[in-house]
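Shown next: run10.pdb, containing PDB, C-alpha atoms.
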```
ATOM      1  CA  MET A   1      -9.785   2.487  -5.419  1.00  0.00           C
ATOM      2  CA  ALA A   2      -6.754   1.238  -3.481  1.00  0.00           C
ATOM      3  CA  TYR A   3      -8.895  -0.649  -0.965  1.00  0.00           C
ATOM      4  CA  GLU A   4     -10.435  -2.868  -3.653  1.00  0.00           C
ATOM      5  CA  THR A   5      -7.039  -3.628  -5.175  1.00  0.00           C
ATOM      6  CA  LEU A   6      -5.501  -4.605  -1.822  1.00  0.00           C
ATOM      7  CA  ASN A   7      -8.550  -6.661  -0.870  1.00  0.00           C
ATOM      8  CA  ARG A   8      -8.500  -8.508  -4.203  1.00  0.00           C
ATOM      9  CA  LEU A   9      -4.796  -9.309  -3.738  1.00  0.00           C
ATOM     10  CA  LYS A  10      -5.459 -10.524  -0.201  1.00  0.00           C
ATOM     11  CA  TRP A  11      -8.219 -12.936  -1.176  1.00  0.00           C
ATOM     12  CA  SER A  12      -6.364 -14.215  -4.249  1.00  0.00           C
ATOM     13  CA  GLY A  13      -3.362 -15.069  -2.052  1.00  0.00           C
ATOM     14  CA  GLU A  14      -1.073 -12.677  -3.922  1.00  0.00           C
ATOM     15  CA  LEU A  15      -0.704  -9.904  -1.329  1.00  0.00           C
ATOM     16  CA  GLY A  16       2.817 -11.120  -0.527  1.00  0.00           C
ATOM     17  CA  LYS A  17       3.846 -10.491  -4.147  1.00  0.00           C
ATOM     18  CA  CYS A  18       2.888  -6.819  -4.074  1.00  0.00           C
ATOM     19  CA  SER A  19       4.401  -3.572  -2.842  1.00  0.00           C
ATOM     20  CA  VAL A  20       2.505  -0.534  -1.614  1.00  0.00           C
ATOM     21  CA  ILE A  21       4.151   2.854  -2.125  1.00  0.00           C
ATOM     22  CA  ILE A  22       2.908   5.462   0.342  1.00  0.00           C
ATOM     23  CA  ARG A  23       3.473   9.169   0.965  1.00  0.00           C
ATOM     24  CA  SER A  24       5.908   9.397   3.875  1.00  0.00           C
ATOM     25  CA  ARG A  25       7.201  12.843   4.776  1.00  0.00           C
ATOM     26  CA  GLY A  26      10.866  12.846   5.656  1.00  0.00           C
ATOM     27  CA  SER A  27      11.660   9.671   3.729  1.00  0.00           C
ATOM     28  CA  GLN A  28      13.796   9.757   0.628  1.00  0.00           C
ATOM     29  CA  SER A  29      11.661  11.365  -2.122  1.00  0.00           C
ATOM     30  CA  ASP A  30       8.780  11.506   0.415  1.00  0.00           C
ATOM     31  CA  GLU A  31       7.845   7.903  -0.412  1.00  0.00           C
ATOM     32  CA  LYS A  32       8.090   4.603   1.444  1.00  0.00           C
ATOM     33  CA  VAL A  33       7.713   1.091   0.041  1.00  0.00           C
ATOM     34  CA  ILE A  34       5.799  -1.449   2.112  1.00  0.00           C
ATOM     35  CA  ASP A  35       6.115  -5.144   1.310  1.00  0.00           C
ATOM     36  CA  GLY A  36       2.707  -6.747   0.871  1.00  0.00           C
ATOM     37  CA  ALA A  37       3.747  -9.635   3.119  1.00  0.00           C
ATOM     38  CA  GLU A  38       3.864  -7.160   6.035  1.00  0.00           C
ATOM     39  CA  ILE A  39       0.250  -6.028   5.528  1.00  0.00           C
ATOM     40  CA  GLY A  40      -2.279  -7.272   8.078  1.00  0.00           C
ATOM     41  CA  GLU A  41      -5.727  -5.754   8.297  1.00  0.00           C
ATOM     42  CA  ILE A  42      -7.253  -4.069   5.243  1.00  0.00           C
ATOM     43  CA  LYS A  43     -10.167  -1.713   5.854  1.00  0.00           C
ATOM     44  CA  LYS A  44     -11.938   0.810   3.605  1.00  0.00           C
ATOM     45  CA  THR A  45     -10.130   3.759   5.208  1.00  0.00           C
ATOM     46  CA  TYR A  46      -6.802   2.246   6.346  1.00  0.00           C
ATOM     47  CA  PHE A  47      -4.525  -0.776   6.401  1.00  0.00           C
ATOM     48  CA  THR A  48      -2.072  -2.036   8.987  1.00  0.00           C
ATOM     49  CA  TYR A  49       1.396  -3.406   8.532  1.00  0.00           C
ATOM     50  CA  SER A  50       3.889  -4.958  10.899  1.00  0.00           C
ATOM     51  CA  HIS A  51       7.601  -4.290  10.702  1.00  0.00           C
ATOM     52  CA  TYR A  52      10.028  -5.437  13.390  1.00  0.00           C
ATOM     53  CA  GLU A  53       7.099  -6.460  15.636  1.00  0.00           C
ATOM     54  CA  ARG A  54       5.611  -2.955  15.485  1.00  0.00           C
ATOM     55  CA  GLU A  55       2.155  -2.497  13.967  1.00  0.00           C
ATOM     56  CA  THR A  56       1.453   0.747  12.114  1.00  0.00           C
ATOM     57  CA  VAL A  57      -1.852   2.090  10.776  1.00  0.00           C
ATOM     58  CA  ILE A  58      -1.668   3.781   7.365  1.00  0.00           C
ATOM     59  CA  PRO A  59      -4.646   5.784   6.052  1.00  0.00           C
ATOM     60  CA  ASN A  60      -5.548   4.718   2.507  1.00  0.00           C
ATOM     61  CA  HIS A  61      -5.369   8.315   1.232  1.00  0.00           C
ATOM     62  CA  ARG A  62      -1.565   8.081   1.643  1.00  0.00           C
ATOM     63  CA  ILE A  63      -1.284   5.229  -0.888  1.00  0.00           C
ATOM     64  CA  LEU A  64       0.376   6.431  -4.096  1.00  0.00           C
ATOM     65  CA  ARG A  65       0.803   3.147  -6.007  1.00  0.00           C
ATOM     66  CA  ILE A  66       0.276  -0.578  -5.678  1.00  0.00           C
ATOM     67  CA  THR A  67       2.585  -2.784  -7.715  1.00  0.00           C
ATOM     68  CA  LYS A  68       2.936  -6.512  -8.227  1.00  0.00           C
ATOM     69  CA  GLU A  69       6.195  -7.920  -9.552  1.00  0.00           C
ATOM     70  CA  GLY A  70       7.107  -4.532 -11.040  1.00  0.00           C
ATOM     71  CA  LYS A  71       3.755  -3.935 -12.748  1.00  0.00           C
ATOM     72  CA  THR A  72       1.538  -1.068 -11.550  1.00  0.00           C
ATOM     73  CA  LEU A  73      -1.902  -2.350 -10.541  1.00  0.00           C
ATOM     74  CA  TRP A  74      -3.252   0.894  -9.102  1.00  0.00           C
ATOM     75  CA  MET A  75      -2.035   4.502  -9.096  1.00  0.00           C
ATOM     76  CA  LYS A  76      -3.430   7.545  -7.332  1.00  0.00           C
ATOM     77  CA  LYS A  77      -4.806  10.098  -9.745  1.00  0.00           C
ATOM     78  CA  THR A  78      -2.911  13.377  -9.737  1.00  0.00           C
ATOM     79  CA  LYS A  79      -4.571  16.756  -9.869  1.00  0.00           C
ATOM     80  CA  LYS A  80      -3.895  18.836 -12.956  1.00  0.00           C
ATOM     81  CA  GLY A  81      -3.147  22.484 -12.584  1.00  0.00           C
TER
END
```

Would you kindly transcribe this structure into structure tokens?
Amino acid sequence: MAYETLNRLKWSGELGKCSVIIRSRGSQSDEKVIDGAEIGEIKKTYFTYSHYERETVIPNHRILRITKEGKTLWMKKTKKG
């Protein structure tokens, strides 16, 4: 689950080395990349990030991938059919 991956990165001190790719309607290819250094609170159902002094809440179900230094650590399962 994405929550466990983000939490593990937070407590290992490596959150700043990761990127979180989320579903973002209207963005190029409907995806947005969030730098792990911008992530604040991590909860089971959401996380927050700050960008240009604005805090945003992102529901965890919008997370598509979590990467660290180009390597995928977690990826949302896709439905077949």

Nearest to Glu41 (chain A) by atom-to-atom distance, counting only C-alpha atoms, from A:Thr67, A:Thr56, A:Gln28, A:Thr72: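 Smallest distance to Glu41 (chain A) is found for A:Thr56.
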
Can you pull out the residues contacting Asp35 (chain A)? Cut-off 9 Å, using only C-alpha atoms, and skip same-chain residues under 4 positions away; I want them as a PDB file with C-alpha atoms, in the frame of the given file.
```pdb
ATOM      1  CA  LEU A  15      -0.704  -9.904  -1.329  1.00  0.00           C
ATOM      2  CA  GLY A  16       2.817 -11.120  -0.527  1.00  0.00           C
ATOM      3  CA  LYS A  17       3.846 -10.491  -4.147  1.00  0.00           C
ATOM      4  CA  CYS A  18       2.888  -6.819  -4.074  1.00  0.00           C
ATOM      5  CA  SER A  19       4.401  -3.572  -2.842  1.00  0.00           C
ATOM      6  CA  VAL A  20       2.505  -0.534  -1.614  1.00  0.00           C
ATOM      7  CA  ILE A  21       4.151   2.854  -2.125  1.00  0.00           C
ATOM      8  CA  ILE A  39       0.250  -6.028   5.528  1.00  0.00           C
ATOM      9  CA  TYR A  49       1.396  -3.406   8.532  1.00  0.00           C
TER      10      TYR A  49
END
```

Ground truth for the PyMOL selection byres ((chain A and resi 43-46) around 8), written as JSON, numbers by chain: {"A": [3, 41, 42, 47, 48, 57, 58, 59, 60, 61]}

Polymer residues at most 12 Å from (-4.5, 6.3, -8.5) by only C-alpha atoms, as an MDAnalysis selection string: chainID A and resid 1:5 20:22 60:67 72:79

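Between CA of Asn7 (chain A) and CA of Ser27 (chain A) the separation is 26.4 Å.
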
Atom-to-atom span, CA of Ser50 (chain A) and CA of Glu14 (chain A), Å: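 For CA of Ser50 (chain A) relative to CA of Glu14 (chain A), the distance reads 17.4 Å.
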
Between CA of His51 (chain A) and CA of Ser24 (chain A) - distance in Å to one decimal: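 That distance, rounded to one decimal, is 15.4 Å.
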
Distance criterion (all atoms listed in the file): nearest to Leu6 (chain A) out of A:Lys32, A:Glu55, A:Lys68, A:Arg23: A:Lys68

Place N, CA and C atoms on region 57-77 of chain A and deliver the coordinates as a CSV table (one decimal), in the coordinates of the input.
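The file below, part.csv, is the result:
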```csv
chain,number,residue,atom,x,y,z
A,57,VAL,N,-0.6,1.9,11.5
A,57,VAL,CA,-1.9,2.1,10.8
A,57,VAL,C,-1.6,3.2,9.7
A,58,ILE,N,-1.9,2.9,8.5
A,58,ILE,CA,-1.7,3.8,7.4
A,58,ILE,C,-3.0,4.1,6.7
A,59,PRO,N,-3.4,5.4,6.7
A,59,PRO,CA,-4.6,5.8,6.1
A,59,PRO,C,-4.5,5.5,4.5
A,60,ASN,N,-5.6,5.0,3.9
A,60,ASN,CA,-5.5,4.7,2.5
A,60,ASN,C,-5.3,5.9,1.6
A,61,HIS,N,-5.6,7.1,2.1
A,61,HIS,CA,-5.4,8.3,1.2
A,61,HIS,C,-3.9,8.6,1.0
A,62,ARG,N,-3.0,7.9,1.8
A,62,ARG,CA,-1.6,8.1,1.6
A,62,ARG,C,-1.0,7.1,0.6
A,63,ILE,N,-1.8,6.2,0.1
A,63,ILE,CA,-1.3,5.2,-0.9
A,63,ILE,C,-1.1,5.9,-2.2
A,64,LEU,N,0.1,5.8,-2.8
A,64,LEU,CA,0.4,6.4,-4.1
A,64,LEU,C,0.3,5.4,-5.2
A,65,ARG,N,0.8,4.2,-5.0
A,65,ARG,CA,0.8,3.1,-6.0
A,65,ARG,C,0.8,1.8,-5.3
A,66,ILE,N,0.2,0.8,-6.1
A,66,ILE,CA,0.3,-0.6,-5.7
A,66,ILE,C,0.9,-1.3,-6.9
A,67,THR,N,1.9,-2.0,-6.6
A,67,THR,CA,2.6,-2.8,-7.7
A,67,THR,C,2.7,-4.3,-7.4
A,68,LYS,N,2.7,-5.1,-8.4
A,68,LYS,CA,2.9,-6.5,-8.2
A,68,LYS,C,4.0,-7.0,-9.2
A,69,GLU,N,5.1,-7.4,-8.7
A,69,GLU,CA,6.2,-7.9,-9.6
A,69,GLU,C,6.6,-6.9,-10.6
A,70,GLY,N,6.7,-5.6,-10.2
A,70,GLY,CA,7.1,-4.5,-11.0
A,70,GLY,C,6.0,-3.9,-11.9
A,71,LYS,N,4.8,-4.5,-11.9
A,71,LYS,CA,3.8,-3.9,-12.7
A,71,LYS,C,2.8,-3.1,-11.9
A,72,THR,N,2.5,-1.9,-12.3
A,72,THR,CA,1.5,-1.1,-11.6
A,72,THR,C,0.1,-1.6,-11.7
A,73,LEU,N,-0.5,-1.9,-10.6
A,73,LEU,CA,-1.9,-2.4,-10.5
A,73,LEU,C,-2.9,-1.2,-10.3
A,74,TRP,N,-2.4,-0.2,-9.5
A,74,TRP,CA,-3.3,0.9,-9.1
A,74,TRP,C,-2.4,2.1,-8.9
A,75,MET,N,-2.8,3.3,-9.3
A,75,MET,CA,-2.0,4.5,-9.1
A,75,MET,C,-3.0,5.6,-8.7
A,76,LYS,N,-2.6,6.4,-7.7
A,76,LYS,CA,-3.4,7.5,-7.3
A,76,LYS,C,-3.5,8.6,-8.5
A,77,LYS,N,-4.7,9.1,-8.7
A,77,LYS,CA,-4.8,10.1,-9.7
A,77,LYS,C,-4.2,11.4,-9.2
```
